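What's in start-v8.txt: compact mmCIF, C-alpha atoms and all ligand atoms
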```txt
# COMPACT_ATOMS: atom_id res chain seq x y z
CA LYS T 1 155.52 121.06 133.72
CA GLU T 2 153.42 123.85 135.28
CA TYR T 3 150.74 121.34 136.14
CA ILE T 4 153.17 118.97 137.90
CA LYS T 5 154.31 121.84 140.15
CA SER T 6 150.83 122.13 141.59
CA SER T 7 150.01 118.42 141.55
CA PRO T 8 149.34 116.75 144.90
CA LEU T 9 150.71 113.42 143.64
CA PHE T 10 153.21 113.91 140.82
CA LYS T 11 156.61 115.18 141.88
CA GLU T 12 158.76 115.51 138.81
CA PHE T 13 158.37 115.81 135.06
CA ILE T 14 161.07 114.80 132.61
CA TYR T 15 160.68 115.69 128.94
CA LEU T 16 162.81 113.83 126.40
CA GLU T 17 162.92 114.58 122.70
CA GLU T 18 164.02 111.00 121.99
CA VAL T 19 164.66 107.92 124.08
CA ASP T 20 164.79 104.16 123.56
CA SER T 21 161.76 103.61 125.83
CA THR T 22 160.36 105.72 128.66
CA ASN T 23 159.91 102.54 130.76
CA THR T 24 163.55 101.55 130.18
CA TYR T 25 164.68 105.09 131.00
CA ILE T 26 162.96 104.91 134.38
CA LYS T 27 164.36 101.43 135.05
CA GLN T 28 167.88 102.65 134.42
CA ASN T 29 167.53 105.86 136.43
CA GLN T 30 165.07 105.02 139.14
CA GLN T 31 167.46 105.48 142.03
CA TYR T 32 167.83 109.15 141.07
CA LEU T 33 164.15 109.77 140.43
CA PRO T 34 161.62 110.69 143.11
CA ASP T 35 158.42 108.75 143.65
CA ALA T 36 155.66 109.80 141.23
CA THR T 37 157.94 110.97 138.43
CA LEU T 38 156.46 111.32 134.96
CA VAL T 39 158.72 110.75 131.97
CA TYR T 40 157.45 111.84 128.57
CA ALA T 41 159.12 111.28 125.21
CA GLU T 42 158.32 112.76 121.83
CA ARG T 43 159.91 109.76 120.10
CA GLN T 44 160.79 106.23 121.18
CA THR T 45 163.32 104.23 119.20
CA ARG T 46 162.65 100.95 121.06
CA GLY T 47 159.18 101.28 122.53
CA ARG T 48 158.15 98.05 124.22
CA GLY T 49 154.94 96.09 124.67
CA ARG T 50 154.55 93.05 126.89
CA LEU T 51 156.56 89.87 126.33
CA SER T 52 159.27 91.70 124.36
CA ARG T 53 156.80 92.87 121.76
CA ARG T 54 157.39 96.14 119.99
CA TRP T 55 155.39 99.33 120.49
CA VAL T 56 155.41 101.02 117.11
CA ASP T 57 156.30 104.70 117.41
CA LEU T 58 153.76 107.04 115.88
CA ASP T 59 154.28 110.77 115.36
CA LYS T 60 152.28 113.20 117.49
CA GLY T 61 151.32 110.57 120.01
CA ILE T 62 151.64 110.24 123.77
CA LYS T 63 154.40 108.03 125.12
CA MET T 64 154.98 108.38 128.81
CA SER T 65 155.70 106.45 131.98
CA ILE T 66 154.84 106.96 135.60
CA LEU T 67 157.16 105.78 138.36
CA LEU T 68 155.54 104.77 141.62
CA LYS T 69 157.84 103.71 144.41
CA LEU T 70 156.16 101.43 146.87
CA LEU T 71 157.31 100.59 150.34
CA LEU T 72 156.68 96.93 149.79
CA LEU T 73 157.19 95.10 146.57
CA ASP T 74 153.64 93.96 145.99
CA LEU T 75 153.19 91.72 142.98
CA GLU T 76 149.46 91.54 143.57
CA LYS T 77 149.09 95.24 142.86
CA ILE T 78 150.44 95.35 139.36
CA VAL T 79 147.43 93.97 137.47
CA PRO T 80 144.84 96.07 139.36
CA LEU T 81 147.02 99.15 138.85
CA THR T 82 147.11 98.51 135.10
CA LEU T 83 143.33 98.14 135.13
CA PHE T 84 142.96 101.35 137.13
CA THR T 85 145.19 103.20 134.65
CA GLY T 86 143.17 101.89 131.70
CA LEU T 87 139.98 103.00 133.38
CA VAL T 88 141.39 106.48 133.93
CA ILE T 89 142.46 106.79 130.29
CA ASN T 90 139.10 105.52 129.10
CA ARG T 91 137.36 108.16 131.25
CA VAL T 92 139.52 110.93 129.85
CA LEU T 93 139.09 109.86 126.23
CA ARG T 94 135.33 109.78 126.76
CA LYS T 95 135.44 113.23 128.33
CA HIS T 96 137.15 114.35 125.11
CA GLY T 97 134.29 112.93 123.07
CA VAL T 98 135.78 109.59 122.07
CA GLU T 99 133.70 106.42 122.48
CA SER T 100 136.48 104.18 123.68
CA PHE T 101 136.31 100.81 125.42
CA ILE T 102 138.68 98.75 127.53
CA LYS T 103 140.04 95.39 126.50
CA TRP T 104 141.22 93.43 129.51
CA SER T 105 143.75 93.91 130.77
CA ASN T 106 145.79 96.68 129.24
CA ASP T 107 144.36 98.00 125.97
CA ILE T 108 141.98 100.77 124.99
CA TYR T 109 140.00 100.20 121.83
CA LEU T 110 138.22 102.57 119.52
CA ASN T 111 135.95 101.31 116.74
CA GLY T 112 137.34 97.80 117.15
CA LYS T 113 141.01 98.80 116.94
CA LYS T 114 143.70 99.45 119.51
CA VAL T 115 144.38 103.10 120.23
CA CYS T 116 146.28 102.77 123.51
CA GLY T 117 148.39 100.19 125.29
CA ILE T 118 149.68 100.07 128.85
CA LEU T 119 152.82 98.31 130.01
CA SER T 120 153.20 97.96 133.78
CA GLU T 121 156.46 96.61 135.07
CA LEU T 122 157.80 95.83 138.50
CA THR T 123 161.41 96.69 139.01
CA GLY T 124 163.70 95.19 141.60
CA GLU T 125 164.20 96.50 145.05
CA VAL T 126 166.49 99.47 145.52
CA GLU T 127 167.27 100.10 149.17
CA GLY T 128 164.18 98.20 150.27
CA VAL T 129 161.86 100.03 147.91
CA GLY T 130 160.20 98.24 145.02
CA SER T 131 158.81 100.26 142.15
CA ILE T 132 156.11 100.00 139.57
CA ILE T 133 156.51 101.65 136.20
CA ILE T 134 153.32 102.30 134.28
CA GLY T 135 154.02 102.96 130.60
CA ILE T 136 151.27 104.50 128.51
CA GLY T 137 151.22 104.74 124.73
CA ILE T 138 148.34 106.53 123.01
CA ASN T 139 148.05 107.04 119.27
CA VAL T 140 146.75 110.58 119.04
CA ASN T 141 147.28 112.89 116.08
CA ALA T 142 148.95 110.71 113.46
CA LYS T 143 146.67 110.55 110.39
CA SER T 144 147.18 106.82 110.02
CA VAL T 145 149.17 103.89 111.36
CA PRO T 146 152.01 102.04 109.60
CA GLU T 147 151.24 99.07 107.38
CA GLU T 148 152.48 96.46 109.90
CA ILE T 149 149.75 97.31 112.43
CA LYS T 150 147.06 98.76 110.19
CA ASP T 151 144.59 95.92 110.68
CA ILE T 152 144.67 96.07 114.47
CA ALA T 153 145.56 99.64 115.41
CA THR T 154 144.20 103.12 114.93
CA THR T 155 144.67 106.72 116.14
CA LEU T 156 142.28 109.20 117.71
CA LYS T 157 142.64 111.41 114.65
CA ALA T 158 142.04 108.62 112.15
CA GLU T 159 138.75 107.80 113.85
CA THR T 160 137.46 111.31 114.59
CA LEU T 161 139.11 113.30 111.80
CA HIS T 162 140.25 116.05 114.14
CA ASP T 163 143.31 116.91 116.22
CA PHE T 164 143.50 116.55 119.98
CA ASP T 165 145.38 118.79 122.37
CA ARG T 166 147.96 116.35 123.75
CA THR T 167 148.88 118.55 126.71
CA MET T 168 145.23 118.68 127.77
CA LEU T 169 144.90 114.92 127.41
CA ILE T 170 147.99 114.34 129.57
CA ILE T 171 146.89 116.83 132.23
CA ASP T 172 143.44 115.26 132.35
CA ILE T 173 144.96 111.78 132.69
CA LEU T 174 147.20 112.94 135.55
CA LYS T 175 144.34 114.77 137.26
CA GLU T 176 142.02 111.81 137.00
CA PHE T 177 144.76 109.43 138.14
CA GLU T 178 145.58 111.45 141.24
CA ARG T 179 141.94 112.19 142.02
CA ASP T 180 141.15 108.49 142.42
CA PHE T 181 144.54 107.01 143.33
CA SER T 182 143.85 107.23 147.05
CA ASN T 183 140.63 105.27 146.53
CA PHE T 184 142.63 102.70 144.62
CA GLU T 185 145.12 102.46 147.49
CA LYS T 186 142.38 102.28 150.10
CA TYR T 187 139.85 99.99 148.45
CA GLY T 188 141.74 98.38 145.58
CA PHE T 189 140.20 97.50 142.25
CA SER T 190 136.81 96.56 143.69
CA TYR T 191 136.00 100.26 144.11
CA PHE T 192 136.15 100.68 140.31
CA ARG T 193 134.85 97.29 139.28
CA ASP T 194 131.36 98.34 138.13
CA GLU T 195 132.71 101.14 135.98
CA TYR T 196 135.38 98.84 134.53
CA LYS T 197 132.79 96.21 133.68
CA SER T 198 130.54 98.69 131.96
CA PHE T 199 133.30 99.56 129.47
CA CYS T 200 135.00 96.17 129.16
CA ILE T 201 134.59 94.60 125.72
CA ASN T 202 135.54 91.09 126.80
CA LEU T 203 132.48 90.42 128.92
CA ARG T 204 130.05 87.80 127.63
CA LYS T 205 132.30 87.14 124.64
CA GLU T 206 134.03 84.02 123.58
CA ILE T 207 137.72 84.69 124.03
CA LEU T 208 141.02 82.93 123.52
CA VAL T 209 143.22 82.80 126.59
CA ASN T 210 146.74 81.65 125.80
CA GLY T 211 145.23 79.82 122.85
CA GLU T 212 142.34 78.19 124.77
CA ARG T 213 138.77 79.06 123.91
CA MET T 214 136.54 80.15 126.81
CA LEU T 215 133.55 82.30 127.64
CA CYS T 216 134.28 85.47 129.60
CA LYS T 217 131.72 85.61 132.42
CA ASP T 218 132.88 88.33 134.76
CA ILE T 219 135.63 90.57 136.08
CA GLY T 220 136.43 89.54 139.66
CA GLU T 221 136.92 91.64 142.81
CA ASN T 222 140.64 92.00 142.16
CA GLY T 223 140.34 92.50 138.43
CA GLU T 224 140.83 88.90 137.40
CA LEU T 225 139.06 87.61 134.32
CA VAL T 226 136.47 85.00 135.28
CA CYS T 227 135.92 82.53 132.44
CA GLU T 228 134.01 79.34 131.83
CA LYS T 229 135.40 76.37 129.98
CA ASP T 230 133.63 73.01 129.73
CA GLY T 231 131.38 73.97 132.66
CA LYS T 232 134.38 74.85 134.84
CA ILE T 233 135.14 78.33 136.16
CA ILE T 234 138.67 79.51 135.52
CA GLU T 235 140.17 82.72 136.88
CA ILE T 236 142.85 84.43 134.86
CA SER T 237 145.02 87.10 136.38
CA SER T 238 147.36 87.71 133.47
CA GLY T 239 148.11 86.37 130.06
CA GLU T 240 147.24 86.76 126.48
CA VAL T 241 143.60 87.31 125.68
CA THR T 242 142.12 87.47 122.19
CA ILE T 243 138.50 88.30 121.60
CA ARG T 244 136.43 86.39 119.09
CA PHE T 245 133.53 88.49 117.97
C1 LIG T 301 151.11 97.06 124.99
O1 LIG T 301 151.71 95.83 124.89
O2 LIG T 301 150.09 97.37 124.44
C2 LIG T 301 151.86 98.05 125.85
C3 LIG T 301 152.31 99.25 125.09
C4 LIG T 301 152.95 100.27 126.00
C5 LIG T 301 153.63 101.36 125.24
C6 LIG T 301 154.14 102.42 126.16
S1 LIG T 301 154.73 103.83 125.31
C7 LIG T 301 155.47 104.44 126.74
C8 LIG T 301 156.05 103.25 127.48
N1 LIG T 301 157.40 102.97 127.02
C9 LIG T 301 157.49 101.77 126.42
O3 LIG T 301 158.53 101.30 125.93
N2 LIG T 301 156.28 101.18 126.41
C10 LIG T 301 155.29 101.99 127.08
P1 LIG T 301 151.04 94.54 124.26
O4 LIG T 301 149.73 94.29 124.90
O5 LIG T 301 152.09 93.50 124.35
O6 LIG T 301 150.77 94.93 122.78
C11 LIG T 301 151.79 95.02 121.83
C12 LIG T 301 151.14 94.79 120.47
O7 LIG T 301 150.34 95.94 120.13
C13 LIG T 301 152.14 94.65 119.35
O8 LIG T 301 152.55 93.32 119.21
C14 LIG T 301 151.32 95.13 118.14
O9 LIG T 301 150.47 94.11 117.68
C15 LIG T 301 150.44 96.20 118.75
N3 LIG T 301 150.99 97.54 118.56
C16 LIG T 301 152.29 97.91 118.45
N4 LIG T 301 152.42 99.24 118.34
C17 LIG T 301 151.16 99.74 118.39
C18 LIG T 301 150.62 101.04 118.34
N5 LIG T 301 151.39 102.13 118.22
N6 LIG T 301 149.27 101.16 118.42
C19 LIG T 301 148.47 100.09 118.56
N7 LIG T 301 148.92 98.83 118.60
C20 LIG T 301 150.25 98.65 118.52
```
Conversion result in structure tokens:
Amino acid sequence: KEYIKSSPLFKEFIYLEEVDSTNTYIKQNQQYLPDATLVYAERQTRGRGRLSRRWVDLDKGIKMSILLKLLLLDLEKIVPLTLFTGLVINRVLRKHGVESFIKWSNDIYLNGKKVCGILSELTGEVEGVGSIIIGIGINVNAKSVPEEIKDIATTLKAETLHDFDRTMLIIDILKEFERDFSNFEKYGFSYFRDEYKSFCINLRKEILVNGERMLCKDIGENGELVCEKDGKIIEISSGEVTIRF
């Protein structure tokens, strides 16, 4: 809360002990919330992933959402903004000594398992202003993950065997986000493309995109996944991607 008061970007901080989902909370209350509000919850009872999937709630984690009100509803921005957010989180985790990687488009991986997911959503226009909600879930200090996700997910603590200061992680994420957000607005994803590529685990791998097997060749100027299938180049801007190692 103290940090938000001095932040050049973030305007308001809302702390909730329990909520269905921080993204849903913002959706339902956005007309009362200022631009650049951060909503944090200690527990989510109906945390959401993409395509109505569930985000399993882990104790001592980070579950938060950022509301950004934009003057124009700009569908094109949502994927690059998710990529930018992933990049920021990856930077911060690395600063805290964790060797994390990014899986296009919205996951952070650690030792081959998912440790963070990002859910960006566009919400409808309210008085001519469209909004983007960026939901961030990071598994931090839980010792382990529940059975249902144990093969695919992990926590920072499970991998490093020590606790992390969640407040410091959040402040560092906000700082890093606001430090580079103006570059994102000015130059778009291309400004961050080299850094993104250097941490992206999909590159040069055979991947499954919506069930189709392809080779991931590149990340494009606007963050799209550039793949090759049967000698043809295919650009993917969203969708389900599975990596085959
Ligand atoms: C995501 O979706 O990874 C986006 C997750 C975003 C969660 C945050 S928490 C704050 C905010 N409020 C919300 O309600 N959501 C956001 P997706 O790429 O669709 O991945 C979902 C899949 O990840 C699930 O189907 C599981 O396989 C897996 N999963 C579920 N819970 C997990 C967890 N805690 N850690 C790692 N993987 C998990």
task = Extract, using all atoms listed in the file, all DNA, RNA and protein residues at most 7 Å from Glu235 (chain T), discarding same-chain residues fewer than 5 positions from it, and format them as a PyMOL selection string.
result = chain T and resi 224-227
request  = Report the distance between CA of Ser21 (chain T) and CA of Tyr40 (chain T) in Å, rounded to one decimal place.
outcome  = 9.7 Å
task = List all protein, DNA and RNA residues that have any atom at most 6 Å from ligand LIG 301 (chain T), counting only C-alpha atoms and all ligand atoms, and write the list as a list in words.
result =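 Sorted by chain and then by number, the residues are Ser21, Thr22, Asn23, Gly47, Arg48, Gly49, Arg50, Arg53, Arg54, Trp55, Val56, Asp57, Leu58, Lys63, Met64, Ser65, Asp107, Lys114, Val115, Gly117, Ile118, Leu119, Gly135, Ile136, Gly137 and Ala153 of chain T.
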message = If we draw a sphere of 12 Å around (143.7, 107.8, 141.1), which residues have at least one atom in it when counting all atoms listed in the file? Please report them as a count of residues only.
response = 34
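Here CA of Ile132 (chain T) and CA of Arg166 (chain T) stand 24.2 Å from one another.
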query = For Asn111 (chain T), which residue out of T:Thr37, T:Thr123, T:Thr167, T:Thr155 is the nearest one, using only C-alpha atoms?
reply =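 Closest to Asn111 (chain T) of all the choices is T:Thr155.
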Kindly compute an axis-aligned box around the listed atoms of region 87-106 of chain T, allowing 6 Å on each side, and express its centre and edge lengths in Å to one decimal as lines of an AutoDock Vina configuration file.
```
center_x = 139.7
center_y = 103.9
center_z = 128.0
size_x = 24.1
size_y = 32.9
size_z = 23.9
```
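Considering all atoms listed in the file, the residue among T:Val19, T:Cys116, T:Leu70, T:Leu169 positioned nearest to Gly97 (chain T) is T:Leu169.
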inquiry  = Using Å and a single decimal, report how far CA of Leu68 (chain T) sits from CA of Leu110 (chain T).
reply    =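 According to the coordinates, CA of Leu110 (chain T) and CA of Leu68 (chain T) are separated by 28.2 Å.
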Please produce region 14-30 of chain T, completed to N, CA and C atoms, as a JSON list (two decimals), keeping the file's coordinate frame.
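Written file, selection_10.json:
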```json
[["chain", "number", "residue", "atom", "x", "y", "z"],
["T", 14, "ILE", "N", 159.88, 114.83, 133.45],
["T", 14, "ILE", "CA", 161.07, 114.80, 132.61],
["T", 14, "ILE", "C", 160.61, 114.69, 131.15],
["T", 15, "TYR", "N", 161.04, 115.68, 130.36],
["T", 15, "TYR", "CA", 160.68, 115.69, 128.94],
["T", 15, "TYR", "C", 161.90, 115.26, 128.13],
["T", 16, "LEU", "N", 161.71, 114.28, 127.25],
["T", 16, "LEU", "CA", 162.81, 113.83, 126.40],
["T", 16, "LEU", "C", 162.37, 113.93, 124.95],
["T", 17, "GLU", "N", 163.23, 114.49, 124.14],
["T", 17, "GLU", "CA", 162.92, 114.58, 122.70],
["T", 17, "GLU", "C", 162.91, 113.16, 122.11],
["T", 18, "GLU", "N", 163.93, 112.38, 122.49],
["T", 18, "GLU", "CA", 164.02, 111.00, 121.99],
["T", 18, "GLU", "C", 164.63, 110.09, 123.04],
["T", 19, "VAL", "N", 164.13, 108.88, 123.12],
["T", 19, "VAL", "CA", 164.66, 107.92, 124.08],
["T", 19, "VAL", "C", 164.39, 106.52, 123.53],
["T", 20, "ASP", "N", 165.11, 105.51, 124.02],
["T", 20, "ASP", "CA", 164.79, 104.16, 123.56],
["T", 20, "ASP", "C", 163.35, 103.81, 123.98],
["T", 21, "SER", "N", 163.10, 103.89, 125.30],
["T", 21, "SER", "CA", 161.76, 103.61, 125.83],
["T", 21, "SER", "C", 161.65, 104.34, 127.16],
["T", 22, "THR", "N", 160.52, 104.97, 127.40],
["T", 22, "THR", "CA", 160.36, 105.72, 128.66],
["T", 22, "THR", "C", 160.37, 104.75, 129.85],
["T", 23, "ASN", "N", 159.85, 103.53, 129.67],
["T", 23, "ASN", "CA", 159.91, 102.54, 130.76],
["T", 23, "ASN", "C", 161.37, 102.16, 131.06],
["T", 24, "THR", "N", 162.14, 101.92, 129.99],
["T", 24, "THR", "CA", 163.55, 101.55, 130.18],
["T", 24, "THR", "C", 164.31, 102.70, 130.84],
["T", 25, "TYR", "N", 164.02, 103.91, 130.42],
["T", 25, "TYR", "CA", 164.68, 105.09, 131.00],
["T", 25, "TYR", "C", 164.47, 105.13, 132.51],
["T", 26, "ILE", "N", 163.23, 104.88, 132.94],
["T", 26, "ILE", "CA", 162.96, 104.91, 134.38],
["T", 26, "ILE", "C", 163.70, 103.76, 135.08],
["T", 27, "LYS", "N", 163.66, 102.58, 134.45],
["T", 27, "LYS", "CA", 164.36, 101.43, 135.05],
["T", 27, "LYS", "C", 165.82, 101.74, 135.30],
["T", 28, "GLN", "N", 166.44, 102.39, 134.31],
["T", 28, "GLN", "CA", 167.88, 102.65, 134.42],
["T", 28, "GLN", "C", 168.21, 103.78, 135.38],
["T", 29, "ASN", "N", 167.23, 104.66, 135.63],
["T", 29, "ASN", "CA", 167.53, 105.86, 136.43],
["T", 29, "ASN", "C", 166.73, 105.95, 137.72],
["T", 30, "GLN", "N", 166.05, 104.87, 138.06],
["T", 30, "GLN", "CA", 165.07, 105.02, 139.14],
["T", 30, "GLN", "C", 165.66, 105.44, 140.48]]
```
